[in-house]
Each structure stands twice: as C-alpha cells, then as structure tokens.
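K.L.:
First the structure, then my questions, so here it is.
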Amino acid sequence: MPPQTRLIIGIAGIPASGKSTLTQLIVEHTNTILKTDVESTERTEAIVVGLDGWHLTRAQLAALPDPQLAKDKRGAHWTFDPDGYLEFVKSLRVPLPPSQSHSDSLVEPITAPSFDHAVKDPDPAGVKLYPWHRIVVIEGLYCFLSIGAWKEAGEMLDERWLTTVDFEKATERIIDRHVTSGVAESMKVTLHWNFAPCASLTGDIGGTMEGKGERHAECVNVSSGVGESKR
C-alpha cells in the first residue's frame, strides 16, 4: 500500500463462525512479523476494531417505538448505528500525515467505539487509531450487509473475508455461549431471538454467503472499492 494509505480488511460470517478468534490471531501474527522485521524503519502496526462498538445504547433502544422488542432483538442489524460506522470507515480513508514518527501525545488519533460488557453499552472512544496503525481489521456480523450505509462502508474496504462454519457447529457454540453464561434462559430463546435473525442476514443457513438482495450480506466483487476486488 502507498505510505499514506491504510489497508482495511473486513471479516464477517454468521454468529459463532470464529470471526473474533481469527481476527485476533491475524493481528497478533502480523504485529509479530512487523516487530521482527529489522529492515522496517516505519512504526507500522495492525489493530482490531469490532463492529459491536456501534451497538445502539440501552437509552437509544428505549427511545425506539417498541422498546421491549428493541431490547429483545439487540444484536439485529437495526439495533446498530450504521451511519456512525460509515463515518468511521471514511475517516480511515483520509490520507495519513507524511511522518509516522510522532509521539502519542502529539498525534490526534481516530477514535472508534468498543463495547463495554460491564456496563452493557458502547464506550464511545474505546479504540484509538494512530497514523502508524496502517493495517486495520474490522470484524463483525454486518461488515458486508447490502443495505444503505452498511453497503457503502463495505465497498470502501480493501478486502472482505468471509468465515464459514458448519451450521450445527455454530448452533452448539451459540448455545454454549448464551445459555451457559446466562445471557439467554434456554436454547429456544437463544436460537429464536439471537441466532436465527443474525444468521439470515449474514449468510444462507448451511450454505455459502452470496448476494441475496437486501436480506443477505453481499459478498461479491467490490468493483467500486479502493483496492483490488476480493471475494
């Protein structure tokens, strides 16, 4: 990539497909390589940004026409802030300053929200991205969703990676994650309210993820994207 640009990768897939685990491994491995590259003279690092930071707050959900439904369906695409996410992706496309050698105190970072599980709401500035963060990996259910601002943001990514997993295996993981932890009271509640709606938007159940109109994530060539088109 040119020295004043970033490489932005999106990683999506159905719930429990391993997005977060894969992303963390990629970033850790990439940073290990960068730190051991004795020929490198620039401070370049990879960083993870999770889509969960763009969840609507509980106060925002309570202000929706059906607060109880919004609370029950939290995690569905309409309980996120796609416009805020789009603005963040646009900010990553602003050319970087010529020098990446400034200290943290002299550089104004780009901020991204993270999700604070302790308070069950986003932390507005939980992630800070500096000019030396030239590799940004964004992971989340709706990185490629072909609706409105989600679609525009997806087309601005350099690469879009899809994680695939057997549907039965994903179901087992979701049950273990939500029921065992007490997030949902039963397997039926977990699958009905949390898993099925997300899965229907992020991929064909038991199949590959393809463009299926506005109900499904679009994982097709990004002809209008910044970098080379990827599948």
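Quick note on naming: the chains in the structure tokens go A, B, ... in the order shown, residues restart at 1 in each chain, and ligands are numbered from 1 in order of appearance.
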Pick out each residue of region 41-200 of chain A that DSSP on the backbone tags as strand (DSSP E or B); I need them as a PyMOL selection string.

P.N.:
chain A and resi 45-50+55+74+76+80+110-116+121-129+133-139+145+159-162

K.L.:
So that I have them on file, write out the residues from the current selection with C-alpha atoms, as an mmCIF file, in the first residue's frame.

P.N.:
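After the write, selection24.cif holds the following:
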data_model
loop_
_atom_site.group_PDB
_atom_site.id
_atom_site.type_symbol
_atom_site.label_atom_id
_atom_site.label_comp_id
_atom_site.auth_asym_id
_atom_site.auth_seq_id
_atom_site.Cartn_x
_atom_site.Cartn_y
_atom_site.Cartn_z
ATOM 1 C CA GLU A 45 1.056 -1.877 13.449
ATOM 2 C CA ALA A 46 -2.139 -3.825 12.853
ATOM 3 C CA ILE A 47 -5.170 -3.175 15.030
ATOM 4 C CA VAL A 48 -8.588 -4.777 15.602
ATOM 5 C CA VAL A 49 -11.841 -2.838 15.512
ATOM 6 C CA GLY A 50 -15.002 -4.691 16.499
ATOM 7 C CA HIS A 55 -24.496 -1.071 19.037
ATOM 8 C CA ARG A 74 -30.467 -6.294 20.463
ATOM 9 C CA ALA A 76 -30.078 -7.386 14.983
ATOM 10 C CA PHE A 80 -26.760 -0.723 15.379
ATOM 11 C CA ILE A 110 -9.084 8.500 15.143
ATOM 12 C CA THR A 111 -11.410 7.022 17.743
ATOM 13 C CA ALA A 112 -13.766 4.088 17.388
ATOM 14 C CA PRO A 113 -16.263 2.787 19.930
ATOM 15 C CA SER A 114 -15.829 -0.522 21.696
ATOM 16 C CA PHE A 115 -18.443 -2.473 23.627
ATOM 17 C CA ASP A 116 -18.139 -2.369 27.411
ATOM 18 C CA ASP A 121 -23.168 -0.254 26.399
ATOM 19 C CA PRO A 122 -20.593 1.076 23.939
ATOM 20 C CA ASP A 123 -17.554 3.039 25.069
ATOM 21 C CA PRO A 124 -17.508 5.939 22.544
ATOM 22 C CA ALA A 125 -13.694 6.188 22.393
ATOM 23 C CA GLY A 126 -12.687 2.669 23.377
ATOM 24 C CA VAL A 127 -10.279 2.257 20.440
ATOM 25 C CA LYS A 128 -7.672 4.781 19.324
ATOM 26 C CA LEU A 129 -6.085 4.538 15.899
ATOM 27 C CA HIS A 133 -1.945 1.793 12.553
ATOM 28 C CA ARG A 134 -1.810 1.174 8.819
ATOM 29 C CA ILE A 135 -3.438 -2.259 8.914
ATOM 30 C CA VAL A 136 -6.993 -2.154 10.286
ATOM 31 C CA VAL A 137 -9.006 -5.358 10.651
ATOM 32 C CA ILE A 138 -12.716 -4.806 11.260
ATOM 33 C CA GLU A 139 -14.753 -7.803 12.398
ATOM 34 C CA LEU A 145 -24.560 -6.124 4.655
ATOM 35 C CA GLU A 159 -10.526 -6.817 1.249
ATOM 36 C CA ARG A 160 -13.567 -8.675 2.563
ATOM 37 C CA TRP A 161 -13.024 -12.038 4.201
ATOM 38 C CA LEU A 162 -15.823 -14.489 4.952
#

K.L.:
Mind checking which residues fall within 12 Å of Ser91 (chain A), counting only C-alpha atoms, ignoring those fewer than 6 positions away in the same chain, and posting them as a PyMOL selection string?

P.N.:
chain A and resi 5-6+8+84-85+109-112+129-131+153+156

K.L.:
For the residues selected in the previous step, produce a file with N, CA and C atoms as an mmCIF file, in the first residue's frame.

P.N.:
data_model
loop_
_atom_site.group_PDB
_atom_site.id
_atom_site.type_symbol
_atom_site.label_atom_id
_atom_site.label_comp_id
_atom_site.auth_asym_id
_atom_site.auth_seq_id
_atom_site.Cartn_x
_atom_site.Cartn_y
_atom_site.Cartn_z
ATOM 1 N N THR A 5 -1.541 5.589 2.968
ATOM 2 C CA THR A 5 -2.842 4.920 2.976
ATOM 3 C C THR A 5 -2.813 3.747 3.946
ATOM 4 N N ARG A 6 -4.002 3.284 4.308
ATOM 5 C CA ARG A 6 -4.157 2.113 5.164
ATOM 6 C C ARG A 6 -4.674 0.924 4.356
ATOM 7 N N ILE A 8 -7.371 -1.873 4.801
ATOM 8 C CA ILE A 8 -8.533 -2.114 5.651
ATOM 9 C C ILE A 8 -9.198 -3.425 5.226
ATOM 10 N N GLY A 84 -22.879 5.953 11.806
ATOM 11 C CA GLY A 84 -21.663 6.211 12.574
ATOM 12 C C GLY A 84 -20.522 5.331 12.121
ATOM 13 N N TYR A 85 -20.832 4.078 11.808
ATOM 14 C CA TYR A 85 -19.813 3.159 11.314
ATOM 15 C C TYR A 85 -19.269 3.625 9.966
ATOM 16 N N PRO A 109 -5.575 10.984 17.485
ATOM 17 C CA PRO A 109 -5.984 9.702 16.918
ATOM 18 C C PRO A 109 -7.414 9.728 16.369
ATOM 19 N N ILE A 110 -7.710 8.785 15.524
ATOM 20 C CA ILE A 110 -9.084 8.500 15.143
ATOM 21 C C ILE A 110 -9.650 7.581 16.221
ATOM 22 N N THR A 111 -10.827 7.868 16.705
ATOM 23 C CA THR A 111 -11.410 7.022 17.743
ATOM 24 C C THR A 111 -12.541 6.165 17.175
ATOM 25 N N ALA A 112 -12.674 4.996 17.743
ATOM 26 C CA ALA A 112 -13.766 4.088 17.388
ATOM 27 C C ALA A 112 -14.368 3.565 18.684
ATOM 28 N N LEU A 129 -6.901 4.904 17.049
ATOM 29 C CA LEU A 129 -6.085 4.538 15.899
ATOM 30 C C LEU A 129 -5.174 5.702 15.533
ATOM 31 N N TYR A 130 -3.877 5.433 15.535
ATOM 32 C CA TYR A 130 -2.870 6.439 15.206
ATOM 33 C C TYR A 130 -2.377 6.237 13.772
ATOM 34 N N PRO A 131 -1.629 7.191 13.235
ATOM 35 C CA PRO A 131 -1.162 7.052 11.849
ATOM 36 C C PRO A 131 -0.358 5.784 11.597
ATOM 37 N N ALA A 153 -20.164 1.379 3.280
ATOM 38 C CA ALA A 153 -18.956 1.145 4.061
ATOM 39 C C ALA A 153 -18.222 -0.103 3.585
ATOM 40 N N MET A 156 -15.945 0.309 0.680
ATOM 41 C CA MET A 156 -14.731 1.093 0.922
ATOM 42 C C MET A 156 -13.593 0.252 1.506
#

K.L.:
One decimal, in Å: what's the spacing between CA of Asp166 (chain A) and CA of Gly53 (chain A)?

P.N.:
26.9 Å

K.L.:
Could you check how far CA of Gly148 (chain A) sits from CA of Trp78 (chain A), in Å to one decimal?

P.N.:
11.4 Å

K.L.:
What is the distance between CA of Ile14 (chain A) and CA of Gly154 (chain A), in Å to one decimal?

P.N.:
16.3 Å

K.L.:
My list of candidates is A:Lys71, A:Val89, A:Asp158, A:Asp83. Which is closest to Met1 (chain A) when distances are computed with only C-alpha atoms?

P.N.:
A:Asp158

K.L.:
Would you give me, as an mmCIF file with N, CA and C atoms, in the first residue's frame, the residues in region 14-47 of chain A that DSSP reads as alpha helix (DSSP H)?

P.N.:
data_model
loop_
_atom_site.group_PDB
_atom_site.id
_atom_site.type_symbol
_atom_site.label_atom_id
_atom_site.label_comp_id
_atom_site.auth_asym_id
_atom_site.auth_seq_id
_atom_site.Cartn_x
_atom_site.Cartn_y
_atom_site.Cartn_z
ATOM 1 N N LYS A 19 -15.146 -15.381 13.932
ATOM 2 C CA LYS A 19 -14.637 -14.086 13.454
ATOM 3 C C LYS A 19 -13.645 -13.452 14.422
ATOM 4 N N SER A 20 -14.039 -13.345 15.675
ATOM 5 C CA SER A 20 -13.199 -12.662 16.665
ATOM 6 C C SER A 20 -11.894 -13.404 16.897
ATOM 7 N N THR A 21 -11.984 -14.723 17.002
ATOM 8 C CA THR A 21 -10.777 -15.534 17.229
ATOM 9 C C THR A 21 -9.815 -15.411 16.061
ATOM 10 N N LEU A 22 -10.331 -15.546 14.846
ATOM 11 C CA LEU A 22 -9.495 -15.439 13.656
ATOM 12 C C LEU A 22 -8.843 -14.061 13.567
ATOM 13 N N THR A 23 -9.642 -13.022 13.801
ATOM 14 C CA THR A 23 -9.132 -11.654 13.704
ATOM 15 C C THR A 23 -7.987 -11.426 14.689
ATOM 16 N N GLN A 24 -8.162 -11.864 15.924
ATOM 17 C CA GLN A 24 -7.125 -11.667 16.929
ATOM 18 C C GLN A 24 -5.845 -12.394 16.550
ATOM 19 N N LEU A 25 -5.973 -13.609 16.043
ATOM 20 C CA LEU A 25 -4.789 -14.368 15.625
ATOM 21 C C LEU A 25 -4.062 -13.665 14.475
ATOM 22 N N ILE A 26 -4.826 -13.172 13.511
ATOM 23 C CA ILE A 26 -4.231 -12.480 12.366
ATOM 24 C C ILE A 26 -3.452 -11.250 12.813
ATOM 25 N N VAL A 27 -4.073 -10.435 13.670
ATOM 26 C CA VAL A 27 -3.432 -9.193 14.111
ATOM 27 C C VAL A 27 -2.199 -9.477 14.957
ATOM 28 N N GLU A 28 -2.292 -10.439 15.859
ATOM 29 C CA GLU A 28 -1.134 -10.785 16.689
ATOM 30 C C GLU A 28 0.016 -11.293 15.832
ATOM 31 N N HIS A 29 -0.291 -12.150 14.867
ATOM 32 C CA HIS A 29 0.753 -12.689 13.997
ATOM 33 C C HIS A 29 1.370 -11.592 13.129
ATOM 34 N N THR A 30 0.516 -10.716 12.600
ATOM 35 C CA THR A 30 1.007 -9.617 11.758
ATOM 36 C C THR A 30 1.938 -8.708 12.544
ATOM 37 N N ASN A 31 1.559 -8.367 13.765
ATOM 38 C CA ASN A 31 2.396 -7.475 14.575
ATOM 39 C C ASN A 31 3.706 -8.148 14.982
ATOM 40 N N THR A 32 3.696 -9.454 15.174
ATOM 41 C CA THR A 32 4.937 -10.177 15.460
ATOM 42 C C THR A 32 5.893 -10.079 14.286
ATOM 43 N N ILE A 33 5.349 -10.246 13.087
ATOM 44 C CA ILE A 33 6.169 -10.135 11.878
ATOM 45 C C ILE A 33 6.737 -8.719 11.748
ATOM 46 N N LEU A 34 5.898 -7.719 11.954
ATOM 47 C CA LEU A 34 6.331 -6.329 11.802
ATOM 48 C C LEU A 34 7.419 -5.968 12.806
ATOM 49 N N LYS A 35 7.297 -6.461 14.034
ATOM 50 C CA LYS A 35 8.270 -6.115 15.071
ATOM 51 C C LYS A 35 9.597 -6.828 14.884
ATOM 52 N N THR A 36 9.596 -7.945 14.166
ATOM 53 C CA THR A 36 10.841 -8.673 13.941
ATOM 54 C C THR A 36 11.477 -8.329 12.600
#

K.L.:
What lies within 9 Å of Pro98 (chain A) using only C-alpha atoms, ignoring chain neighbours under 2 positions off, as number ranges by chain?

P.N.:
A: 3-4, 95-96, 100
